[in-house]
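S.K.: Quick one, work22.txt (compact mmCIF, C-alpha atoms):
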```
# COMPACT_ATOMS: atom_id res chain seq x y z
CA MET S 238 32.94 24.23 4.58
CA THR S 239 29.44 25.49 3.86
CA THR S 240 30.77 28.35 1.74
CA ARG S 241 32.90 25.99 -0.32
CA MET S 242 29.90 23.69 -0.83
CA VAL S 243 27.84 26.56 -2.19
CA GLU S 244 30.64 27.55 -4.58
CA VAL S 245 30.97 24.03 -5.94
CA ARG S 246 27.21 23.66 -6.27
CA GLN S 247 26.95 26.93 -8.19
CA GLY S 248 29.67 25.71 -10.52
CA ILE S 249 27.72 22.51 -11.13
CA LEU S 250 24.48 24.39 -11.74
CA LYS S 251 26.19 26.76 -14.18
CA LYS S 252 27.62 23.81 -16.09
CA ASN S 253 24.17 22.21 -16.13
CA ASP S 254 22.60 25.40 -17.50
CA LEU S 255 25.06 25.42 -20.40
CA LEU S 256 24.40 21.77 -21.17
CA ALA S 257 20.63 22.30 -20.90
CA ARG S 258 20.82 25.20 -23.33
CA ALA S 259 22.65 22.99 -25.84
CA LEU S 260 20.01 20.29 -25.39
CA ARG S 261 17.20 22.80 -25.90
CA GLU S 262 18.78 23.91 -29.19
CA ARG S 263 19.14 20.28 -30.26
CA PHE S 264 15.50 19.51 -29.44
CA ALA S 265 14.36 22.58 -31.40
CA ALA S 266 16.53 21.70 -34.40
CA ALA S 267 15.17 18.15 -34.38
CA GLY S 268 11.59 19.35 -34.07
CA THR S 269 11.12 17.29 -30.91
CA ARG S 270 8.92 18.60 -28.14
CA VAL S 271 10.27 17.64 -24.71
CA VAL S 272 7.99 17.39 -21.69
CA SER S 273 9.36 16.60 -18.23
CA LEU S 274 7.45 15.31 -15.20
CA VAL S 275 8.44 16.06 -11.60
CA SER S 276 6.73 15.09 -8.33
CA SER S 277 7.10 13.29 -4.99
CA PRO S 278 7.75 9.57 -5.12
CA GLY S 279 4.41 7.85 -5.70
CA ALA S 280 2.46 10.82 -7.08
CA GLY S 281 1.73 8.85 -10.23
CA LYS S 282 4.23 10.01 -12.86
CA THR S 283 4.62 6.56 -14.36
CA ALA S 284 0.89 5.79 -14.41
CA LEU S 285 0.16 9.15 -16.08
CA LEU S 286 2.93 8.60 -18.60
CA GLN S 287 1.89 5.04 -19.39
CA ARG S 288 -1.64 6.10 -20.28
CA THR S 289 -0.35 9.18 -22.14
CA LEU S 290 2.10 7.22 -24.30
CA THR S 291 -0.61 4.69 -25.12
CA ALA S 292 -3.06 7.46 -26.08
CA LEU S 293 -0.59 9.40 -28.25
CA ARG S 294 1.16 6.50 -29.97
CA PRO S 295 -1.34 5.95 -32.76
CA THR S 296 -0.85 9.49 -34.07
CA LEU S 297 2.56 10.65 -32.84
CA ARG S 298 6.09 9.31 -32.53
CA VAL S 299 6.68 9.32 -28.78
CA ALA S 300 9.37 8.02 -26.42
CA ALA S 301 10.36 8.37 -22.78
CA LEU S 302 13.44 8.67 -20.59
CA VAL S 303 12.86 7.60 -16.99
CA GLY S 304 15.05 8.46 -14.00
CA ASP S 305 15.30 6.42 -10.82
CA LEU S 306 17.97 5.83 -8.20
CA GLN S 307 17.65 2.09 -8.70
CA THR S 308 15.63 -0.48 -10.71
CA ASP S 309 14.25 -0.36 -14.23
CA ASN S 310 10.71 -1.06 -12.97
CA ASP S 311 9.32 2.13 -14.49
CA ALA S 312 10.91 1.54 -17.87
CA ARG S 313 9.37 -1.93 -17.94
CA ARG S 314 5.93 -0.57 -16.98
CA LEU S 315 6.15 2.10 -19.69
CA ALA S 316 7.42 -0.30 -22.34
CA ALA S 317 4.00 -1.94 -22.18
CA SER S 318 2.75 1.10 -24.14
CA GLY S 319 4.87 -0.04 -27.08
CA ALA S 320 6.85 3.23 -27.14
CA PRO S 321 10.66 3.27 -26.87
CA VAL S 322 11.66 3.77 -23.22
CA ARG S 323 15.07 4.15 -21.66
CA GLN S 324 15.87 4.02 -17.95
CA ILE S 325 18.50 6.28 -16.40
CA THR S 326 19.62 5.00 -12.99
CA THR S 327 21.16 7.78 -10.93
CA GLY S 328 22.62 5.73 -8.07
CA THR S 329 22.53 8.06 -5.08
CA VAL S 330 21.76 11.26 -7.01
CA CYS S 331 18.30 12.69 -6.25
CA HIS S 332 17.59 14.23 -9.67
CA LEU S 333 18.37 13.99 -13.38
CA ASP S 334 20.74 16.52 -14.90
CA ALA S 335 21.29 17.67 -18.48
CA GLU S 336 24.43 15.55 -18.85
CA MET S 337 22.57 12.35 -17.92
CA VAL S 338 19.92 13.19 -20.51
CA ARG S 339 22.56 13.90 -23.19
CA ILE S 340 24.36 10.62 -22.52
CA ALA S 341 21.13 8.63 -22.61
CA LEU S 342 20.12 10.23 -25.91
CA ASP S 343 23.52 9.69 -27.52
CA ASP S 344 23.51 6.03 -26.61
CA TRP S 345 19.96 4.96 -27.47
CA PRO S 346 19.99 2.26 -30.11
CA ASP S 347 17.36 2.65 -32.85
CA VAL S 348 16.06 5.96 -31.49
CA SER S 349 17.03 9.36 -32.90
CA LEU S 350 15.61 12.71 -31.86
CA GLU S 351 14.75 13.57 -35.46
CA ALA S 352 12.36 10.61 -35.55
CA LEU S 353 10.46 11.73 -32.41
CA ASP S 354 7.58 14.18 -32.13
CA VAL S 355 7.47 14.12 -28.35
CA LEU S 356 10.02 12.98 -25.79
CA PHE S 357 8.87 12.64 -22.18
CA ILE S 358 11.38 12.77 -19.35
CA GLU S 359 10.22 11.34 -16.01
CA ASN S 360 12.48 12.71 -13.28
CA VAL S 361 13.45 10.96 -10.03
CA GLY S 362 10.64 11.19 -7.47
CA ASN S 363 11.67 14.20 -5.38
CA LEU S 364 10.09 17.58 -4.63
CA VAL S 365 13.39 19.33 -3.91
CA CYS S 366 16.45 18.37 -5.98
CA PRO S 367 15.01 18.40 -9.53
CA ALA S 368 13.88 22.03 -9.16
CA SER S 369 17.35 23.45 -9.84
CA TYR S 370 18.27 21.32 -12.86
CA ASP S 371 17.11 22.50 -16.27
CA LEU S 372 16.93 19.53 -18.65
CA GLY S 373 16.27 21.58 -21.79
CA GLU S 374 12.60 20.65 -21.71
CA ALA S 375 9.93 22.85 -23.33
CA LEU S 376 7.30 22.04 -20.73
CA ARG S 377 7.89 21.07 -17.10
CA VAL S 378 4.89 19.48 -15.45
CA VAL S 379 4.64 19.13 -11.65
CA LEU S 380 2.26 16.47 -10.32
CA LEU S 381 0.40 16.66 -7.01
CA SER S 382 -1.64 13.61 -6.01
CA VAL S 383 -4.85 13.93 -4.00
CA THR S 384 -3.34 11.67 -1.32
CA GLU S 385 -0.41 13.98 -0.58
CA GLY S 386 -1.90 16.88 1.31
CA GLU S 387 -3.10 20.21 -0.02
CA ASP S 388 -0.25 22.31 1.37
CA LYS S 389 2.61 20.64 -0.53
CA PRO S 390 3.03 23.68 -2.85
CA LEU S 391 3.58 25.92 0.20
CA LYS S 392 6.14 23.50 1.60
CA TYR S 393 7.99 22.93 -1.68
CA PRO S 394 7.60 26.30 -3.45
CA THR S 395 10.74 26.03 -5.59
CA ILE S 396 9.60 23.03 -7.61
CA PHE S 397 6.17 24.54 -8.18
CA GLY S 398 7.90 27.77 -9.13
CA SER S 399 9.98 25.96 -11.74
CA ALA S 400 6.98 24.28 -13.43
CA ASP S 401 4.96 25.38 -16.48
CA LEU S 402 1.88 23.33 -15.61
CA ALA S 403 0.51 21.56 -12.52
CA VAL S 404 -1.50 18.35 -12.72
CA ILE S 405 -3.55 17.03 -9.82
CA THR S 406 -3.38 13.21 -10.05
CA LYS S 407 -5.30 10.21 -8.66
CA THR S 408 -8.56 12.16 -8.65
CA ASP S 409 -10.44 8.84 -8.39
CA MET S 410 -9.29 8.81 -4.75
CA THR S 411 -10.42 12.37 -3.97
CA GLU S 412 -13.16 11.25 -1.61
CA ALA S 413 -11.19 8.42 0.06
CA ALA S 414 -8.36 10.86 0.72
CA GLY S 415 -10.63 13.68 1.91
CA PHE S 416 -8.83 15.95 -0.56
CA ASP S 417 -9.79 19.64 -0.58
CA GLU S 418 -9.12 20.71 -4.16
CA GLY S 419 -9.90 24.37 -3.48
CA ALA S 420 -7.22 24.48 -0.79
CA ALA S 421 -4.69 22.79 -3.07
CA ARG S 422 -5.41 25.24 -5.90
CA ALA S 423 -5.11 28.17 -3.50
CA ALA S 424 -1.73 26.84 -2.32
CA ILE S 425 -0.51 26.52 -5.91
CA GLN S 426 -1.63 30.06 -6.75
CA ALA S 427 0.01 31.39 -3.58
CA VAL S 428 3.46 30.19 -4.67
CA ARG S 429 2.99 30.49 -8.43
CA PRO S 430 0.24 32.93 -9.39
CA GLY S 431 -1.35 32.11 -12.73
CA LEU S 432 -0.01 28.56 -13.00
CA GLU S 433 -2.44 26.43 -15.03
CA VAL S 434 -3.82 23.43 -13.16
CA LEU S 435 -5.32 20.27 -14.67
CA ARG S 436 -6.80 17.23 -12.92
CA VAL S 437 -6.55 13.61 -14.08
CA SER S 438 -7.03 10.04 -13.01
CA ALA S 439 -4.71 7.67 -14.83
CA LYS S 440 -6.83 4.82 -13.47
CA THR S 441 -10.20 5.91 -14.91
CA GLY S 442 -9.00 8.25 -17.67
CA ALA S 443 -10.93 11.19 -16.22
CA GLY S 444 -9.39 14.49 -17.32
CA PHE S 445 -7.27 12.91 -20.07
CA ASP S 446 -9.01 14.80 -22.86
CA ASP S 447 -7.95 18.10 -21.28
CA TRP S 448 -4.44 16.83 -20.55
CA LEU S 449 -3.87 15.58 -24.10
CA SER S 450 -5.37 18.80 -25.52
CA ARG S 451 -3.05 20.84 -23.35
CA LEU S 452 -0.06 18.97 -24.72
CA ALA S 453 -1.51 19.53 -28.21
CA ALA S 454 -2.08 23.24 -27.64
CA ASP S 455 1.62 23.92 -27.60
CA ARG S 456 2.69 22.06 -30.67
CA PHE S 457 0.94 18.87 -31.70
CA MET N 203 34.31 19.17 -10.52
CA THR N 204 32.58 15.94 -9.61
CA THR N 205 35.57 14.70 -7.61
CA ARG N 206 35.74 17.95 -5.67
CA MET N 207 31.99 17.73 -4.94
CA VAL N 208 32.40 14.24 -3.50
CA GLU N 209 35.29 15.36 -1.29
CA VAL N 210 33.31 18.29 0.08
CA ARG N 211 30.24 16.14 0.65
CA GLN N 212 32.27 13.56 2.54
CA GLY N 213 33.66 16.32 4.73
CA ILE N 214 30.14 17.49 5.51
CA LEU N 215 28.94 13.98 6.29
CA LYS N 216 31.92 13.36 8.57
CA LYS N 217 31.20 16.59 10.44
CA ASN N 218 27.55 15.54 10.73
CA ASP N 219 28.53 12.14 12.13
CA LEU N 220 30.58 13.79 14.88
CA LEU N 221 27.73 16.14 15.76
CA ALA N 222 25.24 13.28 15.71
CA ARG N 223 27.40 11.26 18.07
CA ALA N 224 27.49 14.20 20.49
CA LEU N 225 23.70 14.50 20.25
CA ARG N 226 23.26 10.77 20.89
CA GLU N 227 25.37 11.05 24.05
CA ARG N 228 23.33 14.06 25.18
CA PHE N 229 20.05 12.23 24.60
CA ALA N 230 21.31 9.22 26.57
CA ALA N 231 22.54 11.39 29.44
CA ALA N 232 19.19 13.18 29.59
CA GLY N 233 17.27 9.90 29.44
CA THR N 234 15.39 11.09 26.38
CA ARG N 235 14.42 8.60 23.71
CA VAL N 236 14.60 10.11 20.22
CA VAL N 237 12.53 8.74 17.36
CA SER N 238 12.84 10.15 13.84
CA LEU N 239 10.37 9.81 10.96
CA VAL N 240 11.39 9.81 7.28
CA SER N 241 9.28 9.34 4.15
CA SER N 242 8.18 10.87 0.85
CA PRO N 243 6.24 14.10 1.01
CA GLY N 244 2.65 13.23 1.82
CA ALA N 245 3.19 9.75 3.25
CA GLY N 246 1.54 10.84 6.48
CA LYS N 247 4.35 11.66 8.93
CA THR N 248 2.47 14.56 10.49
CA ALA N 249 -0.84 12.69 10.78
CA LEU N 250 0.91 9.71 12.41
CA LEU N 251 2.78 12.00 14.76
CA GLN N 252 -0.28 14.03 15.70
CA ARG N 253 -2.18 10.94 16.77
CA THR N 254 0.90 9.50 18.48
CA LEU N 255 1.59 12.63 20.53
CA THR N 256 -2.05 12.80 21.57
CA ALA N 257 -2.01 9.13 22.62
CA LEU N 258 1.23 9.33 24.58
CA ARG N 259 0.77 12.71 26.27
CA PRO N 260 -1.33 11.56 29.23
CA THR N 261 1.44 9.23 30.41
CA LEU N 262 4.70 10.55 28.96
CA ARG N 263 6.46 13.86 28.48
CA VAL N 264 6.70 14.16 24.68
CA ALA N 265 7.73 16.84 22.19
CA ALA N 266 8.48 17.14 18.50
CA LEU N 267 10.87 18.88 16.12
CA VAL N 268 9.52 19.21 12.59
CA GLY N 269 11.55 19.92 9.45
CA ASP N 270 10.22 21.56 6.29
CA LEU N 271 11.71 23.71 3.55
CA GLN N 272 9.05 26.35 4.17
CA THR N 273 5.96 26.99 6.34
CA ASP N 274 5.21 26.09 9.92
CA ASN N 275 2.00 24.27 8.90
CA ASP N 276 3.13 20.98 10.43
CA ALA N 277 4.14 22.54 13.72
CA ARG N 278 0.73 24.17 13.95
CA ARG N 279 -1.02 20.88 13.19
CA LEU N 280 1.03 19.05 15.80
CA ALA N 281 0.58 21.75 18.42
CA ALA N 282 -3.09 20.75 18.50
CA SER N 283 -1.93 17.68 20.46
CA GLY N 284 -0.89 20.00 23.30
CA ALA N 285 2.74 18.82 23.17
CA PRO N 286 5.61 21.29 22.67
CA VAL N 287 6.47 21.47 18.98
CA ARG N 288 9.20 23.39 17.19
CA GLN N 289 9.50 23.90 13.44
CA ILE N 290 12.88 23.89 11.69
CA THR N 291 12.69 25.50 8.25
CA THR N 292 15.55 24.36 6.05
CA GLY N 293 15.13 26.81 3.14
CA THR N 294 16.40 24.92 0.11
CA VAL N 295 18.03 22.04 2.01
CA CYS N 296 16.32 18.68 1.42
CA HIS N 297 16.98 17.14 4.85
CA LEU N 298 17.64 17.90 8.49
CA ASP N 299 21.17 17.57 9.83
CA ALA N 300 22.55 17.15 13.34
CA GLU N 301 23.57 20.82 13.57
CA MET N 302 20.01 21.99 12.82
CA VAL N 303 18.71 19.69 15.56
CA ARG N 304 21.32 20.93 18.05
CA ILE N 305 20.52 24.59 17.36
CA ALA N 306 16.77 23.99 17.68
CA LEU N 307 17.24 22.18 20.99
CA ASP N 308 19.55 24.86 22.40
CA ASP N 309 17.10 27.61 21.59
CA TRP N 310 13.77 26.12 22.67
CA PRO N 311 12.19 28.24 25.37
CA ASP N 312 10.61 26.28 28.24
CA VAL N 313 11.73 22.89 26.90
CA SER N 314 14.76 21.00 28.17
CA LEU N 315 15.81 17.51 27.16
CA GLU N 316 15.93 16.39 30.78
CA ALA N 317 12.22 17.06 31.07
CA LEU N 318 11.34 14.90 28.04
CA ASP N 319 10.75 11.15 27.88
CA VAL N 320 10.40 11.04 24.12
CA LEU N 321 11.42 13.50 21.42
CA PHE N 322 10.12 12.92 17.90
CA ILE N 323 11.92 14.39 14.91
CA GLU N 324 9.93 14.65 11.69
CA ASN N 325 12.35 15.02 8.79
CA VAL N 326 11.75 16.90 5.53
CA GLY N 327 9.62 14.83 3.13
CA ASN N 328 12.24 13.19 0.94
CA LEU N 329 13.23 9.58 0.21
CA VAL N 330 16.82 10.40 -0.74
CA CYS N 331 18.61 13.16 1.14
CA PRO N 332 17.76 12.28 4.77
CA ALA N 333 19.26 8.80 4.40
CA SER N 334 22.85 9.99 4.84
CA TYR N 335 22.32 12.28 7.84
CA ASP N 336 22.42 10.71 11.29
CA LEU N 337 20.48 12.90 13.74
CA GLY N 338 21.52 11.00 16.85
CA GLU N 339 18.13 9.29 17.01
CA ALA N 340 17.66 5.92 18.75
CA LEU N 341 14.99 4.75 16.34
CA ARG N 342 14.59 5.78 12.71
CA VAL N 343 11.18 4.99 11.26
CA VAL N 344 10.54 4.99 7.51
CA LEU N 345 6.93 5.41 6.38
CA LEU N 346 5.44 3.98 3.19
CA SER N 347 1.86 4.93 2.37
CA VAL N 348 -0.47 2.54 0.55
CA THR N 349 -0.96 5.17 -2.17
CA GLU N 350 2.72 5.35 -3.13
CA GLY N 351 3.37 2.11 -4.99
CA GLU N 352 4.71 -1.15 -3.68
CA ASP N 353 8.17 -0.90 -5.26
CA LYS N 354 9.35 2.28 -3.52
CA PRO N 355 11.77 0.30 -1.29
CA LEU N 356 13.48 -1.09 -4.40
CA LYS N 357 13.76 2.37 -5.91
CA TYR N 358 14.97 4.08 -2.73
CA PRO N 359 16.97 1.34 -1.01
CA THR N 360 19.30 3.63 0.95
CA ILE N 361 16.58 5.20 3.06
CA PHE N 362 15.02 1.83 3.83
CA GLY N 363 18.51 0.52 4.60
CA SER N 364 19.05 3.32 7.12
CA ALA N 365 15.78 2.66 9.02
CA ASP N 366 15.16 0.60 12.16
CA LEU N 367 11.44 0.11 11.52
CA ALA N 368 9.06 0.47 8.56
CA VAL N 369 5.46 1.59 8.97
CA ILE N 370 2.87 1.18 6.21
CA THR N 371 0.52 4.18 6.52
CA LYS N 372 -2.96 5.18 5.30
CA THR N 373 -4.15 1.57 5.47
CA ASP N 374 -7.75 2.85 5.39
CA MET N 375 -7.12 3.54 1.68
CA THR N 376 -5.70 0.09 0.88
CA GLU N 377 -8.63 -0.90 -1.28
CA ALA N 378 -9.10 2.49 -3.00
CA ALA N 379 -5.40 2.47 -3.89
CA GLY N 380 -5.33 -1.17 -5.00
CA PHE N 381 -2.35 -1.66 -2.68
CA ASP N 382 -0.67 -5.07 -2.69
CA GLU N 383 0.75 -5.37 0.81
CA GLY N 384 2.52 -8.66 0.10
CA ALA N 385 4.44 -7.06 -2.75
CA ALA N 386 5.39 -4.07 -0.58
CA ARG N 387 6.60 -6.33 2.23
CA ALA N 388 8.61 -8.40 -0.25
CA ALA N 389 10.22 -5.22 -1.60
CA ILE N 390 11.14 -4.09 1.93
CA GLN N 391 12.66 -7.50 2.75
CA ALA N 392 14.59 -7.50 -0.53
CA VAL N 393 16.46 -4.30 0.38
CA ARG N 394 16.53 -4.74 4.15
CA PRO N 395 16.10 -8.38 5.21
CA GLY N 396 14.57 -8.72 8.65
CA LEU N 397 13.27 -5.16 8.94
CA GLU N 398 10.19 -5.09 11.14
CA VAL N 399 7.05 -3.77 9.43
CA LEU N 400 3.95 -2.31 11.10
CA ARG N 401 0.73 -1.02 9.51
CA VAL N 402 -1.36 1.90 10.72
CA SER N 403 -4.12 4.27 9.76
CA ALA N 404 -3.81 7.64 11.48
CA LYS N 405 -7.35 8.36 10.32
CA THR N 406 -9.09 5.36 11.92
CA GLY N 407 -6.49 4.47 14.55
CA ALA N 408 -6.11 0.92 13.17
CA GLY N 409 -2.74 -0.53 14.11
CA PHE N 410 -2.01 2.11 16.75
CA ASP N 411 -1.91 -0.40 19.60
CA ASP N 412 0.95 -2.24 17.89
CA TRP N 413 2.73 1.00 16.98
CA LEU N 414 2.54 2.39 20.51
CA SER N 415 3.60 -0.99 21.95
CA ARG N 416 6.56 -1.08 19.60
CA LEU N 417 7.69 2.32 20.85
CA ALA N 418 7.18 1.04 24.40
CA ALA N 419 9.14 -2.15 23.78
CA ASP N 420 12.36 -0.23 23.48
CA ARG N 421 12.15 1.96 26.51
CA PHE N 422 8.82 3.24 27.72
```
Would you write out, as structure tokens, the structure that this file holds?
M.R.:
Amino acid sequence: MTTRMVEVRQGILKKNDLLARALRERFAAAGTRVVSLVSSPGAGKTALLQRTLTALRPTLRVAALVGDLQTDNDARRLAASGAPVRQITTGTVCHLDAEMVRIALDDWPDVSLEALDVLFIENVGNLVCPASYDLGEALRVVLLSVTEGEDKPLKYPTIFGSADLAVITKTDMTEAAGFDEGAARAAIQAVRPGLEVLRVSAKTGAGFDDWLSRLAADRF
Amino acid sequence: MTTRMVEVRQGILKKNDLLARALRERFAAAGTRVVSLVSSPGAGKTALLQRTLTALRPTLRVAALVGDLQTDNDARRLAASGAPVRQITTGTVCHLDAEMVRIALDDWPDVSLEALDVLFIENVGNLVCPASYDLGEALRVVLLSVTEGEDKPLKYPTIFGSADLAVITKTDMTEAAGFDEGAARAAIQAVRPGLEVLRVSAKTGAGFDDWLSRLAADRF
């Protein structure tokens, strides 16, 4: 039974890789930079994204796809930025996959890739499942909030290994949480040597200049 | 491919249910009460458990099984309580299952179920995967930390639906996090009407009297 499960899962992952490759080519052809966010539930993906969309909107054409098992709460929060936002509800599935992204893009009234500079994809809150599913993104960002515990990278190495950038979030609560940033950075470097680490507070805006510059450094 | 995946998954869940039933009978025969903890990564399962083990140890024979993808950090933290603790590392699997629990119990030097009043099982940090896997526990406790966002129950209804008790954690950070407890309680009741809710801070000990009494109300 276990062997069969592995076979089926590998088949699904292989299919996802092919779909993700097609998406990546489409994004490149359209000139759209795609940035995905992964983290535990509650690490602050939506808060980071809301402030980011609001900050970028005056100068760039931005939009967001948002994954959740249930509810369109996040899409409604993000829509307050004024950017186009589309919710993908996954039901019982603990991650987005390339097919879900393709379907959402193909059926998004009034939004076309060619008209977007940056598309953000907020994955389902989960430190395990999203690691294996390439979504065709150019930049995968893993968030770690100061309230979560410094050793999360050691416990969930695969997702940190799959990321291109780590962002420490909720830094306004550093003291209240007793967060040891040195320990967290050491844990990140232990599982992913050389991974760049930024720190932000979506509540106060601290660190946003660096975060927005980092996004700009790659393309815009 | 999708249909085949569902079939295989159902087979695995059915096998787990049979194993969980056997575990439940074993726990009952041994007179051991089994309490499991589920939550997001970083919601404070280990901190709650550490303080709980320390509080119960003078009067009860307690032990803990702790699941993580990697590391035995949690087991080492919990061992500071003086109680027997065993780590189960799941590799890439995002939850514990009944078979993992059985194997850990059968190969635990110097610990037998008959000599335990209470066995705690700390699941892998994940709000999705553990929901479907019965571990034979008598009481499943879902944790929600004040830093996570009040709508998590609406977004992850299955795990809240599978729980027997909800515990709001890290209440010492309520103000720093801007946590709206009324909204969180409303969200819990929306997905699981009637579910009992407690509130604790493992840092200050606030709420521990109620939490320990609640454990006592069922058996000890």
S.K.: Show me, as a short mmCIF file (atom, residue, chain, number, x, y, z; two decimals) with C-alpha atoms, in the frame of the given file, the residues of chain N whose atoms get within 9 Å of chain S, using all atoms listed in the file for the distance check.
M.R.:
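Final file, result29.cif:
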```cif
data_model
loop_
_atom_site.label_atom_id
_atom_site.label_comp_id
_atom_site.auth_asym_id
_atom_site.auth_seq_id
_atom_site.Cartn_x
_atom_site.Cartn_y
_atom_site.Cartn_z
CA MET N 203 34.31 19.17 -10.52
CA THR N 204 32.58 15.94 -9.61
CA ARG N 206 35.74 17.95 -5.67
CA MET N 207 31.99 17.73 -4.94
CA VAL N 210 33.31 18.29 0.08
CA ARG N 211 30.24 16.14 0.65
CA GLY N 213 33.66 16.32 4.73
CA ILE N 214 30.14 17.49 5.51
CA SER N 242 8.18 10.87 0.85
CA PRO N 243 6.24 14.10 1.01
CA GLY N 244 2.65 13.23 1.82
CA ALA N 245 3.19 9.75 3.25
CA GLY N 246 1.54 10.84 6.48
CA ASP N 270 10.22 21.56 6.29
CA LEU N 271 11.71 23.71 3.55
CA GLN N 272 9.05 26.35 4.17
CA THR N 273 5.96 26.99 6.34
CA ASP N 274 5.21 26.09 9.92
CA ASN N 275 2.00 24.27 8.90
CA THR N 294 16.40 24.92 0.11
CA VAL N 295 18.03 22.04 2.01
CA CYS N 296 16.32 18.68 1.42
CA GLY N 327 9.62 14.83 3.13
CA ASN N 328 12.24 13.19 0.94
CA LEU N 329 13.23 9.58 0.21
CA VAL N 330 16.82 10.40 -0.74
CA CYS N 331 18.61 13.16 1.14
CA SER N 347 1.86 4.93 2.37
CA THR N 349 -0.96 5.17 -2.17
CA GLU N 350 2.72 5.35 -3.13
CA GLY N 351 3.37 2.11 -4.99
CA ASP N 353 8.17 -0.90 -5.26
CA LYS N 354 9.35 2.28 -3.52
CA LEU N 356 13.48 -1.09 -4.40
CA LYS N 357 13.76 2.37 -5.91
CA TYR N 358 14.97 4.08 -2.73
CA PRO N 359 16.97 1.34 -1.01
CA THR N 360 19.30 3.63 0.95
CA ASP N 374 -7.75 2.85 5.39
CA MET N 375 -7.12 3.54 1.68
CA ALA N 378 -9.10 2.49 -3.00
CA ALA N 379 -5.40 2.47 -3.89
#
```
S.K.: For Ala266 in chain S, list every protein, DNA or RNA residue within 12 Å, evaluated using only C-alpha atoms, and leave out those in the same chain fewer than 5 positions away; present the list as a PyMOL selection string.
M.R.: chain S and resi 259-261+350-354
S.K.: To one decimal place, how far is CA of Thr289 in chain S from CA of Phe397 in chain S in Å?
M.R.: 21.8 Å
S.K.: Can you tell me, as an MDAnalysis selection string, what residues are no more than 12 Å from Pro286 in chain N when counting only C-alpha atoms, ignoring any on the same chain fewer than 4 positions away?
M.R.: chainID N and resid 252 255:256 259 263:268 277:282 307 310:315 317:318 320:322
S.K.: What is the CA of Gly338 in chain N to CA of Arg223 in chain N distance in Å?
M.R.: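 Result for CA of Gly338 in chain N versus CA of Arg223 in chain N: 6.0 Å, one decimal.
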S.K.: Return the single residue from S:Pro367, S:Gly268, S:Pro295, S:Gly319 that is closest to Leu250 in chain S, with distances computed using only C-alpha atoms.
M.R.: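 Between S:Pro367, S:Gly268, S:Pro295, S:Gly319, the residue approaching Leu250 in chain S most closely is S:Pro367.
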S.K.: S:Leu274, S:Ala265, S:Leu333, S:Ala421: which is nearest Asp401 in chain S, counting all atoms listed in the file?
M.R.: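 Under the stated criterion, the closest residue is S:Leu274.
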